[in-house]
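What's in final-v9.cif: mmCIF, C-alpha atoms
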```
data_start
loop_
_atom_site.label_atom_id
_atom_site.label_comp_id
_atom_site.auth_asym_id
_atom_site.auth_seq_id
_atom_site.Cartn_x
_atom_site.Cartn_y
_atom_site.Cartn_z
CA MET A 462 -46.01 -32.20 -119.93
CA LYS A 463 -43.18 -29.94 -118.73
CA ASN A 464 -45.66 -27.47 -117.18
CA TRP A 465 -47.54 -30.31 -115.47
CA PHE A 466 -44.27 -31.68 -114.07
CA LEU A 467 -43.19 -28.24 -112.80
CA SER A 468 -46.64 -27.63 -111.28
CA LEU A 469 -46.08 -30.55 -108.91
CA GLY A 470 -43.07 -28.79 -107.38
CA PRO A 471 -44.72 -27.19 -104.31
CA GLY A 472 -46.59 -30.37 -103.36
CA ILE A 473 -43.49 -32.54 -103.83
CA ILE A 474 -41.38 -30.15 -101.74
CA THR A 475 -43.98 -30.25 -98.95
CA ALA A 476 -44.03 -34.07 -99.04
CA ALA A 477 -40.22 -34.24 -98.97
CA LEU A 478 -39.80 -31.87 -96.03
CA VAL A 479 -42.52 -33.69 -94.02
CA PHE A 480 -41.14 -37.19 -94.70
CA GLY A 481 -37.92 -37.09 -92.68
CA PRO A 482 -35.97 -39.57 -90.54
CA SER A 483 -38.13 -38.79 -87.49
CA LYS A 484 -41.21 -39.78 -89.49
CA MET A 485 -39.47 -42.94 -90.70
CA THR A 486 -38.48 -43.86 -87.14
CA ILE A 487 -42.00 -43.40 -85.77
CA THR A 488 -43.58 -45.20 -88.73
CA SER A 489 -41.12 -48.11 -88.40
CA LYS A 490 -41.82 -48.27 -84.65
CA LEU A 491 -45.59 -48.39 -85.27
CA GLY A 492 -45.21 -51.29 -87.70
CA ALA A 493 -42.67 -53.15 -85.54
CA ASP A 494 -44.70 -52.87 -82.33
CA TYR A 495 -48.29 -53.06 -83.59
CA GLY A 496 -48.05 -54.78 -86.97
CA TYR A 497 -50.54 -53.65 -89.59
CA SER A 498 -53.18 -52.56 -87.05
CA LEU A 499 -52.45 -48.80 -87.25
CA LEU A 500 -52.24 -48.52 -91.03
CA TRP A 501 -55.56 -46.64 -91.00
CA ILE A 502 -53.95 -43.60 -89.33
CA VAL A 503 -51.86 -43.03 -92.48
CA VAL A 504 -55.06 -42.68 -94.51
CA ALA A 505 -56.67 -40.39 -91.91
CA ALA A 506 -53.61 -38.15 -91.48
CA ILE A 507 -53.05 -37.86 -95.24
CA PHE A 508 -56.71 -36.95 -95.81
CA PHE A 509 -56.56 -34.00 -93.41
CA MET A 510 -53.05 -33.05 -94.60
CA THR A 511 -54.49 -32.85 -98.12
CA ILE A 512 -57.34 -30.57 -96.96
CA PHE A 513 -54.95 -28.10 -95.34
CA THR A 514 -52.33 -28.30 -98.11
CA ILE A 515 -55.00 -27.35 -100.67
CA MET A 516 -56.04 -24.58 -98.27
CA GLY A 517 -52.46 -23.29 -98.17
CA ALA A 518 -52.15 -23.42 -101.97
CA ARG A 519 -55.39 -21.44 -102.39
CA ILE A 520 -54.15 -18.77 -99.99
CA GLY A 521 -50.98 -18.53 -102.07
CA VAL A 522 -52.98 -18.03 -105.27
CA ALA A 523 -55.56 -15.63 -103.78
CA THR A 524 -53.14 -13.19 -102.12
CA SER A 525 -50.25 -11.19 -103.54
CA GLN A 526 -48.60 -11.02 -100.13
CA SER A 527 -47.22 -13.74 -97.86
CA LEU A 528 -49.41 -15.60 -95.38
CA LEU A 529 -47.60 -14.10 -92.37
CA THR A 530 -48.09 -10.62 -93.86
CA THR A 531 -51.81 -11.40 -94.19
CA ILE A 532 -51.85 -12.52 -90.55
CA ARG A 533 -50.05 -9.28 -89.59
CA HIS A 534 -52.69 -7.18 -91.38
CA LYS A 535 -55.58 -9.17 -89.91
CA TRP A 536 -54.47 -9.61 -86.28
CA GLY A 537 -51.42 -7.41 -85.79
CA ASN A 538 -47.63 -7.71 -85.66
CA THR A 539 -47.56 -9.71 -82.40
CA ALA A 540 -49.68 -12.49 -83.93
CA ALA A 541 -47.42 -12.70 -87.00
CA ILE A 542 -44.26 -12.88 -84.88
CA ALA A 543 -45.83 -15.50 -82.58
CA VAL A 544 -46.82 -17.74 -85.51
CA GLY A 545 -43.46 -17.24 -87.26
CA LEU A 546 -41.48 -18.03 -84.11
CA GLY A 547 -43.70 -21.03 -83.40
CA ILE A 548 -43.00 -22.45 -86.85
CA PHE A 549 -39.29 -21.71 -86.45
CA PHE A 550 -39.17 -23.67 -83.17
CA VAL A 551 -41.09 -26.58 -84.72
CA THR A 552 -38.67 -26.83 -87.65
CA THR A 553 -35.49 -26.42 -85.62
CA SER A 554 -36.67 -29.08 -83.14
CA PHE A 555 -36.33 -31.66 -85.93
CA GLN A 556 -33.22 -30.38 -87.68
CA ALA A 557 -30.80 -32.39 -85.54
CA GLY A 558 -32.72 -35.57 -86.40
CA ASN A 559 -32.46 -34.74 -90.12
CA SER A 560 -28.69 -34.26 -89.81
CA ILE A 561 -28.26 -37.50 -87.87
CA GLY A 562 -30.39 -39.37 -90.41
CA VAL A 563 -28.12 -38.25 -93.27
CA GLY A 564 -25.00 -39.18 -91.29
CA ILE A 565 -26.25 -42.62 -90.26
CA ALA A 566 -27.58 -43.49 -93.74
CA VAL A 567 -24.28 -42.75 -95.52
CA GLY A 568 -22.07 -43.85 -92.60
CA GLU A 569 -23.66 -47.29 -92.28
CA ALA A 570 -23.74 -47.80 -96.05
CA THR A 571 -20.02 -46.99 -96.36
CA GLY A 572 -18.74 -48.21 -92.98
CA THR A 573 -17.46 -44.74 -92.06
CA SER A 574 -18.10 -42.25 -89.25
CA HIS A 575 -21.54 -40.67 -89.43
CA ILE A 576 -20.16 -37.47 -87.87
CA LEU A 577 -18.14 -36.86 -91.05
CA TRP A 578 -21.25 -37.10 -93.24
CA ILE A 579 -23.29 -34.86 -90.94
CA VAL A 580 -20.74 -32.12 -91.56
CA VAL A 581 -20.36 -32.85 -95.30
CA PHE A 582 -24.05 -32.84 -96.17
CA ASN A 583 -24.85 -29.77 -94.08
CA LEU A 584 -22.10 -28.00 -96.02
CA VAL A 585 -23.67 -29.30 -99.24
CA GLY A 586 -27.06 -27.98 -98.07
CA ILE A 587 -25.59 -24.56 -97.27
CA SER A 588 -23.80 -24.48 -100.64
CA LEU A 589 -27.17 -24.81 -102.40
CA LEU A 590 -28.05 -21.38 -101.00
CA PHE A 591 -25.40 -19.80 -103.23
CA PHE A 592 -27.40 -20.66 -106.36
CA ARG A 593 -29.24 -17.56 -107.55
CA ALA A 594 -32.39 -19.47 -108.48
CA PHE A 595 -32.59 -21.33 -105.15
CA TYR A 596 -36.27 -22.29 -105.58
CA LYS A 597 -35.55 -24.02 -108.91
CA VAL A 598 -32.64 -25.91 -107.34
CA LEU A 599 -34.80 -26.85 -104.33
CA GLU A 600 -37.67 -28.01 -106.56
CA ARG A 601 -35.53 -30.24 -108.76
CA LEU A 602 -33.61 -31.64 -105.80
CA MET A 603 -36.81 -32.59 -103.98
CA ILE A 604 -38.36 -34.21 -107.05
CA PHE A 605 -35.18 -36.29 -107.49
CA LEU A 606 -35.02 -37.28 -103.81
CA VAL A 607 -38.72 -38.23 -103.67
CA ALA A 608 -38.25 -40.39 -106.79
CA LEU A 609 -35.20 -41.96 -105.10
CA MET A 610 -37.21 -42.66 -101.93
CA LEU A 611 -40.10 -44.22 -103.86
CA PHE A 612 -37.70 -46.50 -105.72
CA ALA A 613 -35.91 -47.53 -102.51
CA PHE A 614 -39.05 -48.22 -100.47
CA VAL A 615 -40.96 -50.02 -103.22
CA THR A 616 -37.90 -52.26 -103.68
CA THR A 617 -37.78 -52.85 -99.90
CA LEU A 618 -41.49 -53.75 -100.01
CA PHE A 619 -40.69 -56.36 -102.67
CA PHE A 620 -38.18 -58.00 -100.29
CA ALA A 621 -40.59 -57.85 -97.33
CA LYS A 622 -43.49 -59.71 -99.03
CA PRO A 623 -46.25 -58.42 -96.69
CA SER A 624 -49.59 -60.05 -95.92
CA VAL A 625 -52.42 -58.73 -98.10
CA GLU A 626 -54.95 -59.77 -95.42
CA GLY A 627 -52.92 -57.95 -92.78
CA ILE A 628 -52.87 -54.76 -94.86
CA ALA A 629 -56.64 -54.93 -95.39
CA GLY A 630 -57.22 -55.52 -91.67
CA GLY A 631 -55.01 -52.56 -90.79
CA LEU A 632 -57.41 -50.20 -92.57
CA VAL A 633 -60.06 -50.91 -89.91
CA THR A 634 -59.96 -48.34 -87.10
CA SER A 635 -58.41 -49.58 -83.84
CA VAL A 636 -56.02 -48.16 -81.23
CA PRO A 637 -53.92 -50.90 -79.57
CA LYS A 638 -53.13 -50.47 -75.90
CA GLY A 639 -50.02 -48.38 -75.30
CA SER A 640 -49.91 -46.91 -78.80
CA ILE A 641 -51.46 -43.49 -78.15
CA GLY A 642 -48.09 -41.72 -77.69
CA LEU A 643 -46.83 -42.94 -81.07
CA VAL A 644 -50.20 -42.20 -82.71
CA ILE A 645 -50.01 -38.58 -81.49
CA ALA A 646 -46.41 -38.28 -82.71
CA PHE A 647 -47.34 -39.71 -86.11
CA PHE A 648 -50.29 -37.34 -86.56
CA ALA A 649 -48.12 -34.41 -85.47
CA SER A 650 -45.59 -35.24 -88.18
CA CYS A 651 -47.82 -36.50 -91.01
CA PHE A 652 -50.72 -34.04 -90.58
CA SER A 653 -48.17 -31.23 -90.78
CA ILE A 654 -49.85 -27.85 -90.46
CA VAL A 655 -46.41 -26.24 -90.82
CA GLY A 656 -45.94 -27.99 -94.18
CA ALA A 657 -49.43 -26.93 -95.31
CA PHE A 658 -48.76 -23.36 -94.10
CA TYR A 659 -45.57 -23.18 -96.15
CA GLN A 660 -47.38 -24.49 -99.23
CA SER A 661 -48.76 -20.97 -99.74
CA TYR A 662 -45.20 -19.61 -99.93
CA LEU A 663 -44.06 -22.33 -102.35
CA VAL A 664 -47.03 -21.72 -104.65
CA GLN A 665 -46.31 -17.97 -104.72
CA GLU A 666 -42.61 -18.65 -105.43
CA ARG A 667 -43.52 -21.01 -108.27
CA ILE A 668 -46.04 -18.52 -109.74
CA LYS A 669 -43.34 -15.83 -109.91
CA LEU A 670 -41.02 -18.16 -111.80
CA ASN A 671 -43.64 -19.86 -114.00
CA PRO A 672 -46.73 -17.61 -114.15
CA GLU A 673 -48.12 -19.51 -117.14
CA ILE A 674 -48.85 -22.55 -114.93
CA LYS A 675 -52.34 -22.37 -113.43
CA GLU A 676 -52.63 -23.83 -109.93
CA LYS A 677 -55.01 -26.78 -109.58
CA LYS A 678 -56.00 -28.90 -106.58
CA SER A 679 -54.41 -31.97 -108.15
CA HIS A 680 -50.98 -30.31 -108.09
CA SER A 681 -50.92 -30.22 -104.29
CA ILE A 682 -52.68 -33.55 -103.85
CA THR A 683 -50.08 -35.52 -105.85
CA GLY A 684 -47.22 -34.74 -103.46
CA ILE A 685 -49.29 -35.50 -100.36
CA VAL A 686 -50.50 -38.81 -101.80
CA ILE A 687 -46.85 -39.75 -102.40
CA LEU A 688 -46.17 -38.84 -98.75
CA GLY A 689 -48.92 -41.25 -97.70
CA ILE A 690 -47.64 -44.03 -99.96
CA MET A 691 -44.12 -43.77 -98.53
CA SER A 692 -45.41 -43.73 -94.93
CA ALA A 693 -47.61 -46.76 -95.58
CA ILE A 694 -44.80 -48.71 -97.26
CA VAL A 695 -42.40 -48.17 -94.34
CA MET A 696 -45.07 -49.24 -91.83
CA ILE A 697 -46.00 -52.29 -93.91
CA CYS A 698 -42.33 -53.33 -94.26
CA ALA A 699 -41.81 -52.98 -90.50
CA ALA A 700 -44.96 -54.99 -89.81
CA ALA A 701 -43.98 -57.74 -92.26
CA VAL A 702 -40.32 -58.01 -91.23
CA LEU A 703 -39.92 -56.77 -87.66
CA ASN A 704 -43.27 -57.44 -86.00
CA THR A 705 -43.34 -61.08 -87.10
CA LYS A 706 -39.80 -61.61 -85.72
CA GLY A 707 -40.38 -59.62 -82.51
CA ILE A 708 -37.57 -57.19 -83.45
CA LYS A 709 -37.74 -53.76 -81.78
CA VAL A 710 -36.89 -50.44 -83.45
CA ASN A 711 -35.12 -47.56 -81.71
CA ASN A 712 -34.27 -45.54 -84.83
CA ALA A 713 -34.77 -45.75 -88.59
CA SER A 714 -31.39 -47.37 -89.25
CA ASP A 715 -32.44 -50.34 -87.05
CA MET A 716 -34.85 -51.22 -89.83
CA ALA A 717 -31.97 -51.45 -92.32
CA ARG A 718 -29.96 -53.66 -89.94
CA ALA A 719 -32.96 -55.94 -89.42
CA LEU A 720 -33.40 -56.39 -93.17
CA GLU A 721 -29.82 -57.49 -93.84
CA PRO A 722 -29.76 -60.91 -92.09
CA LEU A 723 -33.17 -61.73 -93.54
CA PHE A 724 -32.76 -60.61 -97.16
CA GLY A 725 -29.07 -59.81 -97.62
CA SER A 726 -27.12 -56.57 -97.90
CA ALA A 727 -29.09 -55.42 -100.97
CA ALA A 728 -32.30 -54.92 -98.97
CA SER A 729 -30.43 -53.05 -96.26
CA THR A 730 -28.75 -50.84 -98.86
CA PHE A 731 -32.04 -49.96 -100.54
CA PHE A 732 -33.56 -48.95 -97.21
CA LEU A 733 -30.50 -46.82 -96.36
CA ILE A 734 -30.86 -45.10 -99.74
CA GLY A 735 -34.44 -44.26 -98.81
CA LEU A 736 -33.31 -43.05 -95.38
CA PHE A 737 -30.72 -40.78 -97.03
CA GLY A 738 -33.35 -39.34 -99.40
CA ALA A 739 -35.74 -38.70 -96.53
CA SER A 740 -33.05 -37.16 -94.33
CA PHE A 741 -31.37 -34.88 -96.87
CA SER A 742 -34.64 -33.64 -98.37
CA SER A 743 -35.92 -32.79 -94.88
CA LEU A 744 -32.58 -31.27 -93.89
CA VAL A 745 -32.78 -28.76 -96.75
CA GLY A 746 -36.56 -28.34 -96.83
CA ASN A 747 -36.98 -28.03 -93.08
CA ALA A 748 -34.26 -25.38 -92.83
CA THR A 749 -35.85 -23.50 -95.75
CA VAL A 750 -39.20 -23.34 -93.95
CA GLY A 751 -37.68 -22.26 -90.64
CA GLY A 752 -35.41 -19.63 -92.20
CA ALA A 753 -37.95 -18.18 -94.64
CA LEU A 754 -40.72 -17.84 -92.05
CA LEU A 755 -38.40 -16.41 -89.41
CA GLY A 756 -37.40 -13.74 -91.92
CA ASP A 757 -41.03 -13.04 -92.76
CA ALA A 758 -42.04 -12.91 -89.08
CA PHE A 759 -39.61 -10.05 -88.48
CA GLY A 760 -40.56 -8.18 -91.65
CA LYS A 761 -37.46 -9.19 -93.64
CA GLY A 762 -39.46 -11.00 -96.31
CA SER A 763 -39.54 -14.68 -97.25
CA GLN A 764 -38.14 -14.66 -100.78
CA LEU A 765 -35.72 -17.53 -101.24
CA ASN A 766 -33.34 -15.28 -103.19
CA SER A 767 -33.11 -12.86 -100.24
CA LYS A 768 -29.68 -12.76 -98.57
CA VAL A 769 -31.24 -12.35 -95.11
CA VAL A 770 -33.50 -15.39 -95.62
CA LYS A 771 -30.55 -17.45 -96.86
CA VAL A 772 -28.59 -16.52 -93.72
CA PHE A 773 -31.53 -17.67 -91.55
CA ILE A 774 -31.78 -20.94 -93.52
CA ALA A 775 -28.04 -21.54 -93.06
CA LEU A 776 -28.37 -20.84 -89.31
CA VAL A 777 -31.05 -23.55 -88.97
CA MET A 778 -28.70 -26.04 -90.71
CA ILE A 779 -25.74 -25.02 -88.55
CA PHE A 780 -27.84 -25.25 -85.39
CA GLY A 781 -29.09 -28.75 -86.29
CA ALA A 782 -25.63 -29.97 -87.32
CA ALA A 783 -24.09 -28.71 -84.06
CA ILE A 784 -26.63 -30.61 -81.94
CA ALA A 785 -26.21 -33.72 -84.11
CA VAL A 786 -22.42 -33.69 -83.75
CA LYS A 787 -22.70 -33.00 -80.01
CA PHE A 788 -25.09 -35.86 -79.22
CA GLY A 789 -24.23 -38.17 -82.11
CA LYS A 790 -27.48 -40.08 -82.03
CA LEU A 791 -30.91 -38.95 -80.88
CA PRO A 792 -32.85 -41.62 -78.96
CA LEU A 793 -36.31 -42.59 -80.15
CA GLU A 794 -37.88 -41.17 -76.98
CA LEU A 795 -36.52 -37.69 -77.79
CA ILE A 796 -37.79 -37.87 -81.38
CA VAL A 797 -41.27 -38.91 -80.22
CA PHE A 798 -41.23 -36.21 -77.54
CA ALA A 799 -40.22 -33.51 -80.07
CA GLN A 800 -42.94 -34.62 -82.49
CA SER A 801 -45.51 -34.68 -79.70
CA VAL A 802 -44.62 -31.23 -78.36
CA THR A 803 -45.31 -29.68 -81.77
CA ILE A 804 -48.94 -30.69 -81.36
CA PHE A 805 -49.23 -27.90 -78.76
CA LEU A 806 -48.30 -25.26 -81.35
CA VAL A 807 -49.95 -26.48 -84.53
CA PRO A 808 -53.63 -25.98 -83.51
CA PHE A 809 -53.03 -22.22 -83.26
CA ILE A 810 -51.27 -22.14 -86.65
CA GLY A 811 -54.07 -24.24 -88.16
CA ILE A 812 -56.77 -21.94 -86.74
CA ALA A 813 -55.03 -18.92 -88.32
CA MET A 814 -54.92 -20.66 -91.72
CA TYR A 815 -58.54 -21.77 -91.42
CA ALA A 816 -59.79 -18.29 -90.50
CA ILE A 817 -57.96 -16.62 -93.40
CA SER A 818 -59.02 -19.19 -95.99
CA ASN A 819 -62.67 -18.70 -94.90
CA ASP A 820 -62.48 -14.89 -95.24
CA PRO A 821 -64.11 -13.87 -98.55
CA LYS A 822 -62.55 -10.38 -98.38
CA ILE A 823 -59.08 -11.95 -98.50
CA MET A 824 -59.76 -15.03 -100.60
CA GLY A 825 -62.34 -13.81 -103.13
CA LYS A 826 -63.36 -16.68 -105.42
CA HIS A 827 -60.76 -18.93 -103.74
CA VAL A 828 -62.59 -18.94 -100.39
CA ASN A 829 -63.12 -22.41 -98.86
CA SER A 830 -66.00 -24.48 -100.15
CA LEU A 831 -68.53 -25.89 -97.68
CA SER A 832 -66.90 -29.34 -97.73
CA VAL A 833 -63.44 -27.89 -97.04
CA LYS A 834 -64.90 -25.79 -94.19
CA ILE A 835 -66.45 -28.90 -92.63
CA PHE A 836 -63.44 -31.21 -92.99
CA GLY A 837 -61.06 -28.39 -92.04
CA ALA A 838 -63.01 -27.84 -88.82
CA ILE A 839 -62.91 -31.58 -88.08
CA GLY A 840 -59.14 -31.55 -88.68
CA LEU A 841 -58.72 -28.69 -86.20
CA LEU A 842 -60.83 -30.54 -83.62
CA ILE A 843 -58.59 -33.60 -84.06
CA LEU A 844 -55.49 -31.44 -83.48
CA VAL A 845 -57.02 -29.95 -80.32
CA PHE A 846 -58.00 -33.42 -79.11
CA LEU A 847 -54.47 -34.71 -79.76
CA ALA A 848 -53.00 -31.73 -77.90
CA LEU A 849 -55.21 -32.47 -74.88
CA SER A 850 -54.36 -36.19 -75.10
CA ASN A 851 -50.70 -35.29 -75.24
CA ILE A 852 -51.01 -33.15 -72.10
CA ASN A 853 -52.55 -36.17 -70.38
CA GLU A 854 -49.78 -38.50 -71.65
CA LEU A 855 -46.91 -36.17 -70.71
CA PHE A 856 -48.07 -34.80 -67.36
CA PHE A 857 -50.73 -37.06 -65.84
CA LYS A 858 -49.45 -40.58 -66.56
#
```

Render the structure in this file as structure tokens.
Amino acid sequence: MKNWFLSLGPGIITAALVFGPSKMTITSKLGADYGYSLLWIVVAAIFFMTIFTIMGARIGVATSQSLLTTIRHKWGNTAAIAVGLGIFFVTTSFQAGNSIGVGIAVGEATGTSHILWIVVFNLVGISLLFFRAFYKVLERLMIFLVALMLFAFVTTLFFAKPSVEGIAGGLVTSVPKGSIGLVIAFFASCFSIVGAFYQSYLVQERIKLNPEIKEKKSHSITGIVILGIMSAIVMICAAAVLNTKGIKVNNASDMARALEPLFGSAASTFFLIGLFGASFSSLVGNATVGGALLGDAFGKGSQLNSKVVKVFIALVMIFGAAIAVKFGKLPLELIVFAQSVTIFLVPFIGIAMYAISNDPKIMGKHVNSLSVKIFGAIGLLILVFLALSNINELFFK
């Protein structure tokens, strides 16, 4: 039982770093504006996220070196640096939102300044780096925060009392007029190639610490399914509470404020607890991805016990906290724009992962099966299509 629980670590960490306050804001906005009608995109995004997360885990098992090192050997140093820098820019583009989410969640729950809590919890995040076994600390923290989020959002769902017919109808494919920008932003955040890419690193880190645990597909799938459940619950709550009342959402904390007059302070508090869990887990996890892969891109390694990597991780946190304190509150439009812009970068990262996981010389017996090849290719085509759609939305409309 202990080994099974520990084996879930990489998948849970990936789910926690993907499910941040930006994701909650976009998901709340989808439910508030379009009701249950876009619930199907959660299922679609989670399906393809699962395909690429399993792909990342297999690469981690099949190779004794990091994924960026494999890219360096296959395509050269320039390609590795380009991918590493691309991932670094993707992660840092969301770090301010993670910091603001933590500050708002605790600030509104306690009636204090959110700036104070932005500083406090970034210092807490940086202090975690001083633990020698940082991966073990990260793993246990993420499992706790995901459990906290599940508790908070399931409780919120109980207060919301959604329509079963509405939920069933939302699983039928449709794209309401004016929703394409939010749909692109949601896919960019939920179908997270960066998260799937980093899964290979997490699996290798876990294997070094617990080599007796054999990696299985179910280990990665569990965390991603939890990611889908949390996304669906937030959208359903927004549809049930906000859409029916015509209440608009500009950030995730608006959802908590909307719950209070309808169901009392308890519902608002539970949602703020979930927002804190999502924000702090992403604050630490996001910085870990950005710092580790920046270190690896420049040949400094990606080990979480490396001093250089820890410095890079701390820099991502400091950078995000500084922007958060400077601007205080990121508008929804900036969050959606940041999520959408990442869609330009992720197809290239996804293509690199796909090519490596299909290479029998690198992967051996862990090479992609025919079904994974097919669905992986479809996932890449969707990312390219979304990138082209985003170009049209940003520059031609």

inquiry  = Please expand the PyMOL selection byres ((chain A and resi 781) around 7) into the concrete residues it hits in this file, giving the result as an MDAnalysis selection string.
reply    = chainID A and resid 553 556:557 560 777:780 782:785

Selection above as a file: C-alpha atoms, as a compact mmCIF listing (two decimals), in the frame of the given file:
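Below is the file that was written, part-v4.txt:
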```
# COMPACT_ATOMS: atom_id res chain seq x y z
CA THR A 553 -35.49 -26.42 -85.62
CA GLN A 556 -33.22 -30.38 -87.68
CA ALA A 557 -30.80 -32.39 -85.54
CA SER A 560 -28.69 -34.26 -89.81
CA VAL A 777 -31.05 -23.55 -88.97
CA MET A 778 -28.70 -26.04 -90.71
CA ILE A 779 -25.74 -25.02 -88.55
CA PHE A 780 -27.84 -25.25 -85.39
CA ALA A 782 -25.63 -29.97 -87.32
CA ALA A 783 -24.09 -28.71 -84.06
CA ILE A 784 -26.63 -30.61 -81.94
CA ALA A 785 -26.21 -33.72 -84.11
```

Output check: residues returned by the PyMOL selection byres ((chain A and resi 702-705) around 7), as JSON, numbers by chain = {"A": [492, 493, 494, 496, 621, 698, 699, 700, 701, 706, 707, 708, 709]}

For the contact check between stretch 483-594 of chain A and stretch 739-744 of chain A, emit one row per residue of stretch 483-594 of chain A within 6 Å, containing the shortest atom pair and the distance in Å rounded to one decimal, counting all atoms listed in the file, chain then rising number order, as CSV.
```
residue,atom,partner,partner_atom,distance
A:Asn559,CA,A:Ser740,CA,4.9
A:Gly562,CA,A:Ser740,CA,5.2
A:Val563,CA,A:Ser740,CA,5.2
```

Go ahead and dump the residues you just picked, C-alpha atoms, as a PDB file, in the frame of the given file.
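Below you can see out_31.pdb, which holds the result:
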```pdb
ATOM      1  CA  ASN A 559     -32.460 -34.740 -90.120  1.00  0.00           C
ATOM      2  CA  GLY A 562     -30.390 -39.370 -90.410  1.00  0.00           C
ATOM      3  CA  VAL A 563     -28.120 -38.250 -93.270  1.00  0.00           C
TER       4      VAL A 563
END
```

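Taking all atoms listed in the file, the non-local environment of A:Trp578 within 7 Å (same-chain residues fewer than 5 positions away omitted) comprises Val563, Gly564, Val567 and Gly568 of chain A.
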
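With distances restricted to only C-alpha atoms, A:Val580 is the closest residue to A:Val786 from A:Ala476, A:Lys834, A:Trp501, A:Val580.
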
If you take only C-alpha atoms and a cut-off of 10 Å, which residues of stretch 476-550 of chain A touch stretch 691-697 of chain A, and what are their nearest atom pairs and distances in Å to one decimal, in chain and number order, as a tab-separated table?
```
residue	atom	partner	partner_atom	distance
A:Ala476	CA	A:Met691	CA	9.7
A:Phe480	CA	A:Ser692	CA	7.8
A:Lys484	CA	A:Ser692	CA	7.9
A:Met485	CA	A:Val695	CA	7.0
A:Thr486	CA	A:Val695	CA	9.3
A:Ile487	CA	A:Met696	CA	9.0
A:Thr488	CA	A:Met696	CA	5.3
A:Ser489	CA	A:Met696	CA	5.4
A:Lys490	CA	A:Met696	CA	7.9
A:Leu491	CA	A:Met696	CA	6.6
A:Gly492	CA	A:Met696	CA	4.6
A:Ala493	CA	A:Met696	CA	7.8
A:Tyr495	CA	A:Met696	CA	9.6
A:Gly496	CA	A:Ile697	CA	7.7
A:Tyr497	CA	A:Ile697	CA	6.4
A:Ser498	CA	A:Ile697	CA	9.9
A:Leu499	CA	A:Met696	CA	8.7
A:Leu500	CA	A:Ala693	CA	6.7
A:Trp501	CA	A:Ala693	CA	9.2
A:Ile502	CA	A:Ala693	CA	9.4
A:Val503	CA	A:Ala693	CA	6.4
A:Val504	CA	A:Ala693	CA	8.6
A:Ile507	CA	A:Ser692	CA	9.6
```

inquiry  = Taking 2 positions as the minimum chain separation for residues in the same chain, which residues sit within 6 Å of A:Gly521 when counting only C-alpha atoms? Answer as a VMD selection string.
reply    = chain A and resid 518 to 519 523 to 524 661 664 to 665
